[in-house]
file run15.txt (compact mmCIF, C-alpha atoms (C1' of nucleotides))
# COMPACT_ATOMS: atom_id res chain seq x y z
CA MET A 16 0.00 0.00 0.00
CA TYR A 17 2.82 2.35 0.89
CA GLN A 18 4.43 1.80 -2.47
CA THR A 19 1.17 2.18 -4.40
CA LEU A 20 0.36 5.46 -2.68
CA LYS A 21 3.90 6.72 -2.98
CA THR A 22 3.93 6.08 -6.71
CA LEU A 23 0.94 8.37 -7.14
CA ASP A 24 3.20 11.18 -6.06
CA PHE A 25 0.46 13.07 -4.24
CA PHE A 26 1.66 12.77 -0.68
CA THR A 27 4.36 13.92 1.68
CA GLU A 28 6.31 11.27 3.56
CA ALA A 29 4.49 12.31 6.75
CA GLU A 30 1.12 11.81 5.06
CA LEU A 31 2.16 8.37 3.86
CA GLN A 32 3.25 7.38 7.34
CA GLU A 33 0.00 8.62 8.79
CA ALA A 34 -1.92 6.46 6.33
CA MET A 35 0.14 3.36 7.05
CA GLU A 36 -0.38 3.78 10.76
CA ALA A 37 -4.13 3.94 10.26
CA ALA A 38 -4.18 0.63 8.36
CA THR A 39 -4.54 -2.82 9.92
CA PHE A 40 -3.76 -6.11 8.21
CA HIS A 41 -6.37 -8.87 7.82
CA VAL A 42 -7.02 -12.02 5.85
CA ILE A 43 -10.52 -12.51 4.45
CA PRO A 44 -11.16 -16.19 3.72
CA LYS A 45 -12.55 -17.33 0.37
CA GLY A 46 -16.29 -16.74 0.09
CA GLN A 47 -16.54 -14.54 3.16
CA ILE A 48 -18.57 -11.37 2.86
CA HIS A 49 -16.87 -8.31 4.25
CA ILE A 50 -19.72 -5.84 3.76
CA ASN A 51 -23.31 -7.00 3.56
CA GLN A 52 -26.01 -5.36 1.52
CA GLY A 53 -27.93 -3.05 3.83
CA GLU A 54 -24.97 -2.17 6.02
CA VAL A 55 -23.47 1.30 5.95
CA CYS A 56 -19.89 1.09 4.76
CA LYS A 57 -17.44 2.18 7.43
CA ASP A 58 -14.07 1.24 5.99
CA VAL A 59 -12.01 0.93 2.86
CA LEU A 60 -9.84 -2.01 1.85
CA PHE A 61 -6.52 -2.13 0.10
CA ILE A 62 -6.03 -5.55 -1.48
CA LYS A 63 -2.49 -6.78 -0.94
CA LYS A 64 -3.03 -10.25 -2.35
CA GLY A 65 -6.08 -12.01 -3.68
CA LEU A 66 -9.28 -11.13 -5.46
CA MET A 67 -12.64 -9.72 -4.42
CA ARG A 68 -15.97 -8.92 -5.99
CA SER A 69 -19.07 -6.92 -5.34
CA PHE A 70 -22.51 -8.31 -6.07
CA TYR A 71 -26.15 -7.40 -5.49
CA TYR A 72 -29.57 -8.95 -6.02
CA ASN A 73 -31.78 -7.69 -8.81
CA SER A 74 -35.57 -7.50 -8.73
CA GLU A 75 -35.78 -11.24 -9.52
CA SER A 76 -33.44 -12.01 -6.59
CA GLU A 77 -30.75 -13.16 -8.97
CA GLU A 78 -27.22 -12.62 -7.76
CA VAL A 79 -25.55 -10.06 -10.06
CA THR A 80 -21.83 -9.37 -9.99
CA TYR A 81 -21.25 -5.64 -10.09
CA CYS A 82 -17.45 -5.45 -10.22
CA PHE A 83 -14.14 -7.06 -9.31
CA SER A 84 -11.06 -5.81 -7.57
CA PHE A 85 -7.53 -7.17 -7.88
CA GLU A 86 -4.22 -6.81 -6.11
CA ASN A 87 -2.82 -3.39 -5.24
CA ALA A 88 -6.13 -1.62 -5.55
CA PHE A 89 -8.42 0.09 -3.09
CA PHE A 90 -11.89 -1.39 -2.77
CA THR A 91 -15.03 -0.60 -0.85
CA ALA A 92 -18.82 -0.39 -1.16
CA TYR A 93 -18.27 2.93 -2.79
CA SER A 94 -21.76 4.40 -3.09
CA SER A 95 -22.45 3.52 0.54
CA TRP A 96 -19.09 4.94 1.53
CA ILE A 97 -19.88 8.20 -0.22
CA GLN A 98 -23.42 8.63 0.98
CA GLN A 99 -23.23 6.75 4.27
CA LYS A 100 -26.43 5.01 3.34
CA PRO A 101 -27.17 1.25 3.34
CA SER A 102 -25.11 -0.52 0.70
CA PRO A 103 -26.83 -2.11 -2.30
CA GLU A 104 -23.72 -4.27 -2.73
CA ASN A 105 -22.16 -7.20 -0.93
CA ILE A 106 -18.36 -7.16 -0.83
CA GLN A 107 -16.96 -10.69 -0.93
CA ALA A 108 -13.58 -12.40 -1.21
CA ILE A 109 -13.36 -14.69 -4.25
CA THR A 110 -10.13 -16.25 -2.97
CA ASP A 111 -8.43 -15.98 0.40
CA THR A 112 -7.51 -12.32 0.32
CA GLU A 113 -4.96 -10.27 2.28
CA VAL A 114 -6.07 -6.73 2.88
CA TYR A 115 -5.27 -3.58 4.76
CA ILE A 116 -8.33 -2.01 6.33
CA ILE A 117 -8.62 1.68 7.02
CA LYS A 118 -11.54 2.91 9.04
CA ARG A 119 -13.67 5.75 7.74
CA HIS A 120 -12.98 7.74 10.85
CA ASP A 121 -9.29 7.77 10.01
CA VAL A 122 -9.88 8.53 6.35
CA LEU A 123 -11.94 11.58 7.26
CA ARG A 124 -9.20 12.74 9.58
CA LEU A 125 -6.63 12.39 6.80
CA GLN A 126 -8.85 14.34 4.39
CA GLU A 127 -9.80 17.02 6.83
CA ASN A 128 -7.07 19.53 6.24
CA SER A 129 -5.05 18.03 3.44
CA ILE A 130 -5.48 19.26 -0.10
CA ASN A 131 -3.40 16.24 -1.15
CA TRP A 132 -5.89 13.80 0.27
CA GLN A 133 -8.78 15.78 -1.22
CA LYS A 134 -7.03 15.54 -4.56
CA PHE A 135 -6.42 11.82 -4.12
CA PHE A 136 -10.06 11.07 -3.37
CA ARG A 137 -11.17 13.30 -6.21
CA THR A 138 -9.01 11.38 -8.66
CA GLN A 139 -10.24 8.08 -7.22
CA ALA A 140 -13.81 9.22 -7.77
CA GLU A 141 -12.98 10.37 -11.29
CA GLY A 142 -11.33 7.07 -12.09
CA ALA A 143 -14.33 5.18 -10.76
CA TYR A 144 -16.60 7.34 -12.92
CA ILE A 145 -14.60 6.64 -16.06
CA SER A 146 -14.64 2.90 -15.67
CA LEU A 147 -18.42 2.99 -15.21
CA GLU A 148 -18.81 5.20 -18.27
CA ASN A 149 -16.99 2.57 -20.30
CA ARG A 150 -19.22 -0.15 -18.94
CA ILE A 151 -22.40 1.76 -19.68
CA MET A 152 -21.35 2.44 -23.24
CA ILE A 153 -20.85 -1.29 -23.62
CA LEU A 154 -24.00 -2.40 -21.78
CA GLN A 155 -26.31 0.09 -23.47
CA ARG A 156 -26.15 -0.87 -27.12
CA GLU A 157 -23.60 -3.60 -27.79
CA SER A 158 -24.56 -7.23 -28.30
CA ALA A 159 -23.65 -9.75 -25.63
CA GLU A 160 -21.01 -11.15 -27.95
CA LYS A 161 -19.41 -7.72 -28.39
CA ARG A 162 -19.43 -7.23 -24.64
CA TYR A 163 -17.61 -10.51 -24.17
CA GLU A 164 -15.04 -9.67 -26.83
CA ASP A 165 -14.52 -6.27 -25.24
CA LEU A 166 -13.89 -7.97 -21.90
CA LEU A 167 -11.36 -10.26 -23.54
CA GLU A 168 -9.52 -7.23 -24.87
CA ARG A 169 -9.63 -5.00 -21.84
CA HIS A 170 -9.37 -7.55 -19.07
CA PRO A 171 -8.00 -10.86 -20.31
CA GLU A 172 -6.97 -11.55 -16.71
CA TYR A 173 -10.66 -11.81 -15.75
CA LEU A 174 -10.95 -14.98 -17.82
CA GLN A 175 -8.05 -16.57 -15.99
CA GLN A 176 -9.16 -15.88 -12.48
CA ILE A 177 -12.92 -15.47 -12.30
CA PRO A 178 -15.60 -18.20 -12.45
CA LEU A 179 -17.82 -17.90 -15.52
CA ASN A 180 -21.05 -17.60 -13.56
CA TYR A 181 -19.70 -14.37 -12.04
CA LEU A 182 -18.54 -13.13 -15.44
CA ALA A 183 -21.90 -13.87 -17.03
CA SER A 184 -23.89 -11.61 -14.74
CA TYR A 185 -21.11 -9.03 -14.88
CA LEU A 186 -21.70 -8.97 -18.65
CA GLY A 187 -25.44 -8.79 -18.15
CA ILE A 188 -26.25 -12.26 -19.47
CA THR A 189 -26.94 -15.78 -18.21
CA GLN A 190 -24.24 -18.38 -17.93
CA ARG A 191 -26.08 -20.40 -20.56
CA HIS A 192 -25.71 -17.60 -23.03
CA LEU A 193 -22.10 -16.91 -22.14
CA SER A 194 -21.34 -20.55 -22.83
CA ARG A 195 -23.02 -20.19 -26.23
CA ILE A 196 -20.94 -17.12 -27.05
CA ARG A 197 -17.72 -18.84 -26.08
CA GLN A 198 -18.70 -21.76 -28.27
CA ASN A 199 -19.32 -19.48 -31.24
CA LEU A 200 -16.04 -17.64 -30.86
CA ALA A 201 -14.11 -20.89 -30.42
CA ASN A 202 -15.48 -22.10 -33.76
CA LEU A 203 -14.67 -18.86 -35.54
CA LYS A 204 -11.17 -18.39 -34.21
CA PRO A 205 -9.76 -21.75 -33.16
CA THR A 206 -6.87 -21.38 -30.75
CA VAL A 207 -3.49 -22.26 -32.20
CA ILE A 208 -1.97 -25.15 -30.31
CA MET B 24 -25.26 29.65 -11.09
CA TYR B 25 -24.32 31.89 -8.21
CA GLN B 26 -27.33 30.72 -6.27
CA THR B 27 -26.74 27.03 -7.04
CA LEU B 28 -23.13 27.23 -5.91
CA LYS B 29 -23.98 29.29 -2.87
CA THR B 30 -26.56 26.77 -1.73
CA LEU B 31 -23.90 24.05 -1.64
CA ASP B 32 -22.32 25.99 1.18
CA PHE B 33 -18.77 25.09 0.16
CA PHE B 34 -17.47 28.49 -0.86
CA THR B 35 -16.48 31.84 0.48
CA GLU B 36 -18.09 34.90 -1.06
CA ALA B 37 -14.77 35.73 -2.71
CA GLU B 38 -14.61 32.27 -4.28
CA LEU B 39 -18.15 32.65 -5.60
CA GLN B 40 -17.32 36.00 -7.13
CA GLU B 41 -14.22 34.58 -8.74
CA ALA B 42 -16.30 31.81 -10.30
CA MET B 43 -18.92 34.21 -11.63
CA GLU B 44 -16.29 36.40 -13.20
CA ALA B 45 -14.83 33.42 -15.02
CA ALA B 46 -18.20 32.52 -16.57
CA THR B 47 -19.54 33.86 -19.86
CA PHE B 48 -23.15 33.66 -21.03
CA HIS B 49 -24.16 31.97 -24.29
CA VAL B 50 -27.20 30.57 -26.05
CA ILE B 51 -26.80 27.23 -27.81
CA PRO B 52 -29.50 26.79 -30.45
CA LYS B 53 -31.60 23.63 -30.63
CA GLY B 54 -29.72 20.76 -32.23
CA GLN B 55 -26.33 22.42 -32.13
CA ILE B 56 -23.41 20.35 -30.93
CA HIS B 57 -21.22 22.06 -28.39
CA ILE B 58 -18.55 19.38 -28.06
CA ASN B 59 -17.92 16.92 -30.84
CA GLN B 60 -16.78 13.38 -30.36
CA GLY B 61 -13.00 13.32 -30.84
CA GLU B 62 -12.42 16.80 -29.43
CA VAL B 63 -10.71 17.31 -26.11
CA CYS B 64 -13.11 18.98 -23.70
CA LYS B 65 -11.89 22.42 -22.67
CA ASP B 66 -14.82 23.88 -20.79
CA VAL B 67 -17.72 23.14 -18.51
CA LEU B 68 -21.30 24.37 -18.92
CA PHE B 69 -23.82 25.47 -16.38
CA ILE B 70 -27.32 25.18 -17.83
CA LYS B 71 -29.39 28.19 -16.90
CA LYS B 72 -32.37 27.31 -19.06
CA GLY B 73 -33.02 24.51 -21.49
CA LEU B 74 -32.05 20.91 -21.94
CA MET B 75 -29.03 19.10 -23.31
CA ARG B 76 -27.91 15.57 -23.98
CA SER B 77 -24.80 13.58 -24.62
CA PHE B 78 -24.67 10.87 -27.26
CA TYR B 79 -22.15 8.62 -28.94
CA TYR B 80 -22.02 6.09 -31.77
CA ASN B 81 -21.79 2.40 -30.97
CA SER B 82 -19.96 -0.19 -33.05
CA GLU B 83 -22.93 -0.36 -35.46
CA SER B 84 -22.80 3.44 -35.90
CA GLU B 85 -26.13 3.79 -34.16
CA GLU B 86 -26.60 7.03 -32.26
CA VAL B 87 -26.87 6.20 -28.55
CA THR B 88 -27.95 8.75 -25.96
CA TYR B 89 -25.67 8.55 -22.96
CA CYS B 90 -27.27 11.06 -20.61
CA PHE B 91 -29.31 14.24 -20.23
CA SER B 92 -28.79 17.43 -18.33
CA PHE B 93 -31.43 19.86 -17.14
CA GLU B 94 -31.62 23.37 -15.73
CA ASN B 95 -29.37 24.46 -12.90
CA ALA B 96 -26.86 21.69 -13.42
CA PHE B 97 -23.27 21.58 -14.55
CA PHE B 98 -22.61 19.60 -17.70
CA THR B 99 -19.61 18.65 -19.75
CA ALA B 100 -17.98 15.78 -21.63
CA TYR B 101 -16.85 14.53 -18.30
CA SER B 102 -14.49 11.68 -19.13
CA SER B 103 -12.72 13.88 -21.68
CA TRP B 104 -12.64 16.72 -19.19
CA ILE B 105 -11.01 14.46 -16.60
CA GLN B 106 -8.49 12.78 -18.82
CA GLN B 107 -8.00 15.50 -21.41
CA LYS B 108 -8.34 12.87 -24.09
CA PRO B 109 -10.62 12.89 -27.16
CA SER B 110 -14.27 12.72 -26.11
CA PRO B 111 -16.35 9.64 -26.95
CA GLU B 112 -19.46 11.80 -26.51
CA ASN B 113 -21.13 14.59 -28.43
CA ILE B 114 -22.69 17.29 -26.28
CA GLN B 115 -25.81 18.70 -27.93
CA ALA B 116 -28.62 21.11 -27.10
CA ILE B 117 -32.05 19.43 -27.29
CA THR B 118 -33.81 22.81 -27.08
CA ASP B 119 -32.45 26.33 -27.34
CA THR B 120 -30.35 26.40 -24.21
CA GLU B 121 -28.93 29.24 -22.13
CA VAL B 122 -25.63 28.40 -20.52
CA TYR B 123 -22.71 29.83 -18.65
CA ILE B 124 -19.40 28.57 -19.96
CA ILE B 125 -16.29 28.33 -17.80
CA LYS B 126 -13.03 27.54 -19.47
CA ARG B 127 -10.87 24.75 -18.13
CA HIS B 128 -8.01 27.13 -17.64
CA ASP B 129 -10.07 29.10 -15.15
CA VAL B 130 -11.37 26.01 -13.40
CA LEU B 131 -7.83 24.78 -12.83
CA ARG B 132 -6.90 28.15 -11.43
CA LEU B 133 -9.86 28.03 -9.02
CA GLN B 134 -8.93 24.50 -7.92
CA GLU B 135 -5.24 25.18 -7.59
CA ASN B 136 -5.02 26.31 -4.04
CA SER B 137 -8.53 25.95 -2.74
CA ILE B 138 -9.51 22.97 -0.64
CA ASN B 139 -13.11 24.12 -1.12
CA TRP B 140 -12.93 23.73 -4.86
CA GLN B 141 -11.14 20.39 -4.51
CA LYS B 142 -13.98 19.30 -2.26
CA PHE B 143 -16.58 20.58 -4.71
CA PHE B 144 -15.09 18.67 -7.63
CA ARG B 145 -14.69 15.58 -5.50
CA THR B 146 -18.37 15.63 -4.59
CA GLN B 147 -19.30 16.26 -8.23
CA ALA B 148 -17.26 13.22 -9.23
CA GLU B 149 -18.84 11.17 -6.47
CA GLY B 150 -22.32 12.21 -7.49
CA ALA B 151 -21.56 11.33 -11.11
CA TYR B 152 -20.31 7.93 -9.98
CA ILE B 153 -23.44 7.20 -8.01
CA SER B 154 -25.83 7.98 -10.83
CA LEU B 155 -23.85 5.68 -13.11
CA GLU B 156 -23.89 2.92 -10.51
CA ASN B 157 -27.66 3.14 -10.46
CA ARG B 158 -27.81 2.94 -14.22
CA ILE B 159 -25.51 -0.07 -14.39
CA MET B 160 -27.52 -1.95 -11.81
CA ILE B 161 -30.56 -1.33 -13.98
CA LEU B 162 -28.91 -2.06 -17.34
CA GLN B 163 -27.14 -5.20 -16.21
CA ARG B 164 -29.95 -7.54 -15.24
CA GLU B 165 -33.35 -5.86 -15.42
CA SER B 166 -35.75 -6.37 -18.32
CA ALA B 167 -36.37 -3.49 -20.68
CA GLU B 168 -39.83 -3.09 -19.18
CA LYS B 169 -38.39 -2.78 -15.67
CA ARG B 170 -35.90 -0.22 -16.91
CA TYR B 171 -38.70 1.85 -18.40
CA GLU B 172 -40.76 1.65 -15.21
CA ASP B 173 -37.71 2.63 -13.20
CA LEU B 174 -37.25 5.67 -15.43
CA LEU B 175 -40.89 6.62 -14.91
CA GLU B 176 -40.35 6.52 -11.15
CA ARG B 177 -37.02 8.25 -10.91
CA HIS B 178 -37.31 10.74 -13.74
CA PRO B 179 -40.92 11.30 -14.78
CA GLU B 180 -39.79 14.65 -16.19
CA TYR B 181 -37.81 12.80 -18.89
CA LEU B 182 -41.06 11.60 -20.41
CA GLN B 183 -42.38 15.13 -20.64
CA GLN B 184 -39.40 16.72 -22.28
CA ILE B 185 -37.39 14.17 -24.20
CA PRO B 186 -38.20 12.60 -27.59
CA LEU B 187 -38.79 8.86 -27.37
CA ASN B 188 -36.04 7.94 -29.79
CA TYR B 189 -33.53 9.48 -27.39
CA LEU B 190 -35.11 7.73 -24.44
CA ALA B 191 -35.07 4.37 -26.21
CA SER B 192 -31.32 4.28 -26.72
CA TYR B 193 -30.82 5.75 -23.25
CA LEU B 194 -32.68 2.67 -21.96
CA GLY B 195 -30.64 0.40 -24.17
CA ILE B 196 -33.45 -0.62 -26.54
CA THR B 197 -34.86 0.29 -29.95
CA GLN B 198 -37.67 2.75 -30.37
CA ARG B 199 -39.80 -0.11 -31.73
CA HIS B 200 -39.44 -1.97 -28.51
CA LEU B 201 -40.02 1.08 -26.33
CA SER B 202 -43.27 1.66 -28.16
CA ARG B 203 -44.25 -1.97 -27.46
CA ILE B 204 -43.47 -1.55 -23.75
CA ARG B 205 -45.52 1.62 -23.51
CA GLN B 206 -48.38 -0.18 -25.23
CA ASN B 207 -48.23 -3.03 -22.70
CA LEU B 208 -48.16 -0.75 -19.70
CA ALA B 209 -51.00 1.36 -21.06
CA ASN B 210 -53.14 -1.78 -21.28
CA LEU B 211 -52.25 -2.96 -17.79
CA LYS B 212 -52.67 0.35 -15.99
CA PRO B 213 -54.99 2.57 -17.97
CA THR B 214 -54.58 6.22 -17.06
CA VAL B 215 -57.43 7.67 -15.06
CA ILE B 216 -58.99 10.55 -16.93
C1' DT C 15 -56.89 25.25 -44.01
C1' DT C 16 -53.18 22.95 -46.59
C1' DA C 17 -48.88 21.10 -47.18
C1' DC C 18 -45.07 19.36 -45.21
C1' DT C 19 -42.01 17.57 -41.85
C1' DT C 20 -41.15 15.02 -37.64
C1' DA C 21 -42.66 11.99 -33.80
C1' DT C 22 -44.88 7.90 -32.58
C1' DT C 23 -47.13 3.57 -33.19
C1' DG C 24 -47.61 -1.04 -34.78
C1' DG C 25 -47.65 -5.57 -38.05
C1' DA C 26 -44.91 -9.52 -39.54
C1' DC C 27 -41.16 -11.98 -39.16
C1' DA C 28 -36.07 -12.84 -37.66
C1' DA C 29 -32.45 -12.98 -34.34
C1' DA C 30 -30.83 -12.82 -29.67
C1' DT C 31 -31.29 -14.31 -25.16
C1' DG C 32 -33.50 -16.87 -21.28
C1' DT C 33 -35.31 -21.17 -18.89
C1' DC C 34 -35.05 -25.74 -17.52
C1' DC C 35 -32.44 -29.61 -17.44
C1' DT C 36 -28.93 -33.07 -18.39
C1' DT C 37 -24.28 -34.12 -19.56
C1' DT C 38 -19.44 -33.49 -19.52
C1' DC C 39 -15.30 -31.90 -17.55
C1' DT C 40 -12.00 -30.95 -13.76
C1' DG C 41 -9.85 -30.93 -9.58
C1' DA C 42 -9.61 -32.44 -4.65
C1' DC C 43 -9.46 -36.15 -1.70
C1' DC C 44 -9.24 -40.98 -0.15
C1' DG D 23 -7.78 -45.62 -9.79
C1' DG D 24 -12.40 -44.37 -7.72
C1' DT D 25 -15.56 -41.08 -5.83
C1' DC D 26 -17.47 -36.82 -5.13
C1' DA D 27 -18.52 -31.80 -5.74
C1' DG D 28 -18.32 -27.82 -8.26
C1' DA D 29 -17.57 -25.64 -12.82
C1' DA D 30 -18.70 -25.46 -17.50
C1' DA D 31 -21.09 -26.92 -21.70
C1' DG D 32 -25.03 -27.81 -24.31
C1' DG D 33 -30.05 -29.61 -26.10
C1' DA D 34 -34.83 -28.20 -26.69
C1' DC D 35 -38.00 -24.92 -26.45
C1' DA D 36 -40.00 -20.21 -24.74
C1' DT D 37 -39.64 -15.31 -24.41
C1' DT D 38 -37.65 -10.97 -25.39
C1' DT D 39 -35.91 -7.83 -28.43
C1' DG D 40 -34.57 -6.31 -33.13
C1' DT D 41 -35.35 -5.32 -38.24
C1' DC D 42 -37.87 -3.56 -41.86
C1' DC D 43 -41.55 -1.07 -43.09
C1' DA D 44 -46.00 1.15 -43.39
C1' DA D 45 -49.56 3.79 -41.03
C1' DT D 46 -51.04 7.44 -37.96
C1' DA D 47 -50.56 11.34 -35.11
C1' DA D 48 -48.75 15.72 -33.95
C1' DG D 49 -46.46 19.94 -34.87
C1' DT D 50 -44.98 23.99 -37.98
C1' DA D 51 -44.82 27.11 -41.56
C1' DA D 52 -47.17 29.21 -45.53

call {"tool": "encode", "arguments": {"input": "run15.txt", "output": "structure tokens"}}
result
Amino acid sequence: MYQTLKTLDFFTEAELQEAMEAATFHVIPKGQIHINQGEVCKDVLFIKKGLMRSFYYNSESEEVTYCFSFENAFFTAYSSWIQQKPSPENIQAITDTEVYIIKRHDVLRLQENSINWQKFFRTQAEGAYISLENRIMILQRESAEKRYEDLLERHPEYLQQIPLNYLASYLGITQRHLSRIRQNLANLKPTVI
Amino acid sequence: MYQTLKTLDFFTEAELQEAMEAATFHVIPKGQIHINQGEVCKDVLFIKKGLMRSFYYNSESEEVTYCFSFENAFFTAYSSWIQQKPSPENIQAITDTEVYIIKRHDVLRLQENSINWQKFFRTQAEGAYISLENRIMILQRESAEKRYEDLLERHPEYLQQIPLNYLASYLGITQRHLSRIRQNLANLKPTVI
DNA sequence: TTACTTATTGGACAAATGTCCTTTCTGACC
DNA sequence: GGTCAGAAAGGACATTTGTCCAATAAGTAA
């Protein structure tokens, strides 16, 4: 976490130290839910090792994967964090995951009088916005097959690490249909052995 | 604009004045495009009166409406504004629209040393994130009919002011299908006269 | 009012996607 | 190897959504 923050080049050494002191190390076992839907989010995670996802239930009570988070990234139930309202999302570890946890109380203290931390959280919010913009432009009017191909291009690592049932709902389709798409593409472009 | 900013309660009177001085008034005629896809966004609009939209072209070269903006709101090609990269969106006036324009140069100057402005832009980014999260949760795994009903609930004003072909692509469907959905709902819940 | 343009609706059929299940594959464990 | 559980694939059919047009409806200018 220290290195990731340092690389951003926003912070003084004192600010970095302050952040590290506020963080505590934990391991979240595979499958465990760190934040439940309905809870108000009171902390932010930094993933040191492992893989997490966020999911929610749609109006048919189907489990829908909203997003994933990988190593060396911050992760939280962001809308709940921002608004301090009950979270629509569940935050869950896909594998055993090592994280640093920083409590909201400490984050607010860091932000309070630091234009650097304000800037950092602004850029985090902007980055989050941009990745959602990309997803909307894909979800709105691209076919399921295009969406899958786009995922292959942008995030080939997803295919390596994430179960297909999670990927299917992430793409806005059923696993049955995802399987069909993969079948089609395999026939069109057979992998070279 | 002054009143809208003042109500947020972020700024000193001097900061408000500074912002007002940076703004210039313009009228964008109906249909005119203020920012073209491919341009780098260099200003932000405040809509005093009127109605604008953002749209882009998908991989089939269909025009897809990305979002709308109404009176007393800031509006810009946000991802381009953030990254200073070519915009995927076109920003267009739906009706004759009165706007204040603030150039990026001036915005950066305002932000430079003001924690208030940093905070303002952070909250703008956070608000933008949240509205996209809502849209993704709708687009991902709700039926087109649910999406339309959700729009009726959250933004009944859209139905009053926005042509249905724009709304259809905003909802991720064709106008043919939107018409079908409206037909179904009209049969189920006939309007009381 | 008339003519003309634009917005909206809807029929007929095609393509995409979902539902319900069963089968196949894969990896962990004994 | 054999067994078991979870992940992934796939058959058969139903539903949703799209495509291509034509038909109305509504709005604007002369």

call {"tool": "interface_residues", "arguments": {"input": "run15.txt", "of": "chain B", "to": "chain C", "cutoff": "9 Å", "atoms": "all atoms listed in the file", "output": "short mmCIF file (atom, residue, chain, number, x, y, z; two decimals) with C-alpha atoms, in the coordinates of the input"}}
result
data_model
loop_
_atom_site.label_atom_id
_atom_site.label_comp_id
_atom_site.auth_asym_id
_atom_site.auth_seq_id
_atom_site.Cartn_x
_atom_site.Cartn_y
_atom_site.Cartn_z
CA PRO B 186 -38.20 12.60 -27.59
CA LEU B 187 -38.79 8.86 -27.37
CA ASN B 188 -36.04 7.94 -29.79
CA ARG B 199 -39.80 -0.11 -31.73
CA SER B 202 -43.27 1.66 -28.16
CA ARG B 203 -44.25 -1.97 -27.46
CA GLN B 206 -48.38 -0.18 -25.23
#

call {"tool": "interface_residues", "arguments": {"input": "run15.txt", "of": "chain D", "to": "chain A", "cutoff": "9 Å", "atoms": "all atoms listed in the file", "output": "list in words"}}
result
DA29, DA30, DA31 and DG32 of chain D

call {"tool": "write_last_selection", "arguments": {"input": "run15.txt", "atoms": "C-alpha atoms (C1' of nucleotides)", "output": "PDB file, in the frame of the given file"}}
result
ATOM      1  C1'  DA D  29     -17.570 -25.640 -12.820  1.00  0.00           C
ATOM      2  C1'  DA D  30     -18.700 -25.460 -17.500  1.00  0.00           C
ATOM      3  C1'  DA D  31     -21.090 -26.920 -21.700  1.00  0.00           C
ATOM      4  C1'  DG D  32     -25.030 -27.810 -24.310  1.00  0.00           C
TER       5       DG D  32
END

call {"tool": "atom_distance", "arguments": {"input": "run15.txt", "atom1": "CA of Gln55 in chain B", "atom2": "CA of Phe97 in chain B"}}
result
17.9 Å

call {"tool": "atom_distance", "arguments": {"input": "run15.txt", "atom1": "CA of Tyr79 in chain B", "atom2": "CA of Gln60 in chain B"}}
result
7.3 Å

call {"tool": "atom_distance", "arguments": {"input": "run15.txt", "atom1": "CA of Phe90 in chain A", "atom2": "CA of Glu164 in chain A"}}
result
25.6 Å

call {"tool": "interface_residues", "arguments": {"input": "run15.txt", "of": "chain A", "to": "chain B", "cutoff": "8 Å", "atoms": "all atoms listed in the file", "output": "MDAnalysis selection string"}}
result
chainID A and resid 73:74 79 81 94 97 129:130 133:134 136:138 140:141 143:145 147:148 150:152 154:157 184:188

call {"tool": "residues_near_point", "arguments": {"input": "run15.txt", "point": "(-26.5, 22.0, -30.2)", "cutoff": "9 Å", "atoms": "only C-alpha atoms (C1' of nucleotides)", "output": "ChimeraX atom specification"}}
result
/B:51-58,75,114-120

call {"tool": "closest_residue", "arguments": {"input": "run15.txt", "among": "A:Ile116, A:Ala201, A:Val55, A:Leu66", "to": "Ser102 in chain A", "atoms": "all atoms listed in the file"}}
result
A:Val55

call {"tool": "residues_around", "arguments": {"input": "run15.txt", "residues": "Lys118 in chain A", "least_positions_apart": "6", "cutoff": "8 Å", "atoms": "only C-alpha atoms (C1' of nucleotides)", "output": "list in words"}}
result
Ala37, Ala38, Lys57, Asp58 and Val59 of chain A

call {"tool": "write_last_selection", "arguments": {"input": "run15.txt", "atoms": "C-alpha atoms", "output": "short mmCIF file (atom, residue, chain, number, x, y, z; two decimals), keeping the file's coordinate frame"}}
result
data_model
loop_
_atom_site.label_atom_id
_atom_site.label_comp_id
_atom_site.auth_asym_id
_atom_site.auth_seq_id
_atom_site.Cartn_x
_atom_site.Cartn_y
_atom_site.Cartn_z
CA ALA A 37 -4.13 3.94 10.26
CA ALA A 38 -4.18 0.63 8.36
CA LYS A 57 -17.44 2.18 7.43
CA ASP A 58 -14.07 1.24 5.99
CA VAL A 59 -12.01 0.93 2.86
#
